[in-house]
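First the structure, in the form of structure tokens, and then the observations on it.
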Amino acid sequence: MSNPVSSTTGKIRTVELGSGGPLVGVQGFGAMGISVAYGDTDVAAARDTLEASLEAGVTLIDTADMYGHGSNEEFLAPFVAAHRDEITLATKFGFELRADDPNYRGISNDPGYLRRAVEASLRRLDVDVIDLYYMHRRDPAVPLAESVGTMAELVREGKVKHLGLSEVTGAELREAYAVHPITALQSEWSVFSRDVEHSAVGAAAALGVAFVPYSPLGRGFLTGAFTDANEELSSSDFRTLLPRFSGDNARANAALLAPLHAIAADRGASTAQIALAWVQQRAEVHGLTVVPIPGTRKRSRLLENAAATRITLTAEELALLEPIAGQVAGDRYADMSHTSAAREAK
């Protein structure tokens, strides 16, 4: 196979992140894996990758308070301090963790918890204001209007500039927007995962909310980085816990990637670039702003990913990729109860 489509001179184009939102690069950066979740980190390489993001025009930097129990926010703090005016900083609340039980994963949208969470994130990131603050997961026990109302108070208090939601249904997005404008909706969306198209994408398009797809590369599976998580990745790697990436599911899903590989070979591109190009073209298909946030620890991969913003797939190529998501074996998570797909199913 020929070399991947290379990065051209200059930065990627910019888009407005939702109606009245900040101007950002059309591709963002998912920072979770830069320091946690995917095994040991080469700190020097990780910090060089962050610098490369700005060189490429990738300015939306995404983290969350739960990534490494806050350590991911702390890892980003020096980079944020050095480039505060150049980046749009996004973080999230909603997963309640416990210091005395590292395996505990609760969900809380309670206003009191929310206020403690934002103060902790501000402290770890060492900033006065968060550009985009997401509700990471929806807690059905707390009225949505109550949670979003508290988030709106943070905007008025100057602690947060813009609001976002993650893994909500179209109906929930509309309900939240009625309380306060929502700038961005972040949920998993890729050639492998398309459940958001049931209602969330249409609602976002109607409201002028930007869509920020996380895991647009299927957590590396779509790039060919691994074929069976349990056999190839370390036991500390988060992906070993995800049903679709191990055993019979992984083998079946790897076979689905044949069209992706074929298109990449024909274009002299990488499979990652074709997968990202597919996500990016959802903007045209559905009529909304789409800013995917792939993550990587390597400068070369970041530049490769950014170059995908210059690829436009043909109708024939899109048709080859269209059936894949409907044939994927295994769920996105072992426990799907806190995803929009689970509430949609009810």
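By order in the structure tokens, chains are A, B, ...; within a chain, residues start at 1; ligands start at 1, following the order shown.
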
Residue neighbourhood region 161-170 of chain A, 6 Å, only C-alpha atoms, exclusion window fewer than 3 positions, as a list in words = Asp131, Leu132, Tyr133, Tyr134, Met135, His136, Arg137, Val155, Leu173, Ile182, Thr183, Ala184, Leu185, Gln186, Ser187, Ser199, Ala200, Ala203, Thr339 and Ser340 of chain A

Excluding Arg13 (chain A) and its own-chain neighbours fewer than 2 positions away, which residues fall within 7 Å of it when counting only C-alpha atoms? Please give them as an MDAnalysis selection string. chainID A and resid 11 15 25:26

Long-range neighbours of Leu54 (chain A) as a PyMOL selection string, 12 Å cut-off, only C-alpha atoms, 6 positions minimum in chain: chain A and resi 10-12+24-25+27-29+47-48+60-61+79-80+82-88+299+302-303+306

Q. Looking at only C-alpha atoms, which of A:Glu51, A:Glu317, A:Asp128, A:Asp101 is the one that sits closest to Leu89 (chain A)?
A.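 Using only C-alpha atoms, the shortest distance to Leu89 (chain A) belongs to A:Asp128.
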
Residue among A:Lys298, A:Arg174, A:Arg251, A:His180 lying closest to Gly330 (chain A), counting only C-alpha atoms: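 Residue with the minimum atom-to-atom distance to Gly330 (chain A): A:Arg251.
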
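Between CA of Leu313 (chain A) and CA of Ala277 (chain A) the separation is 6.9 Å.
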
Closest of A:Ala315, A:Leu320, A:Ala329, A:Leu222 to Gln281 (chain A), counting only C-alpha atoms, is A:Ala315
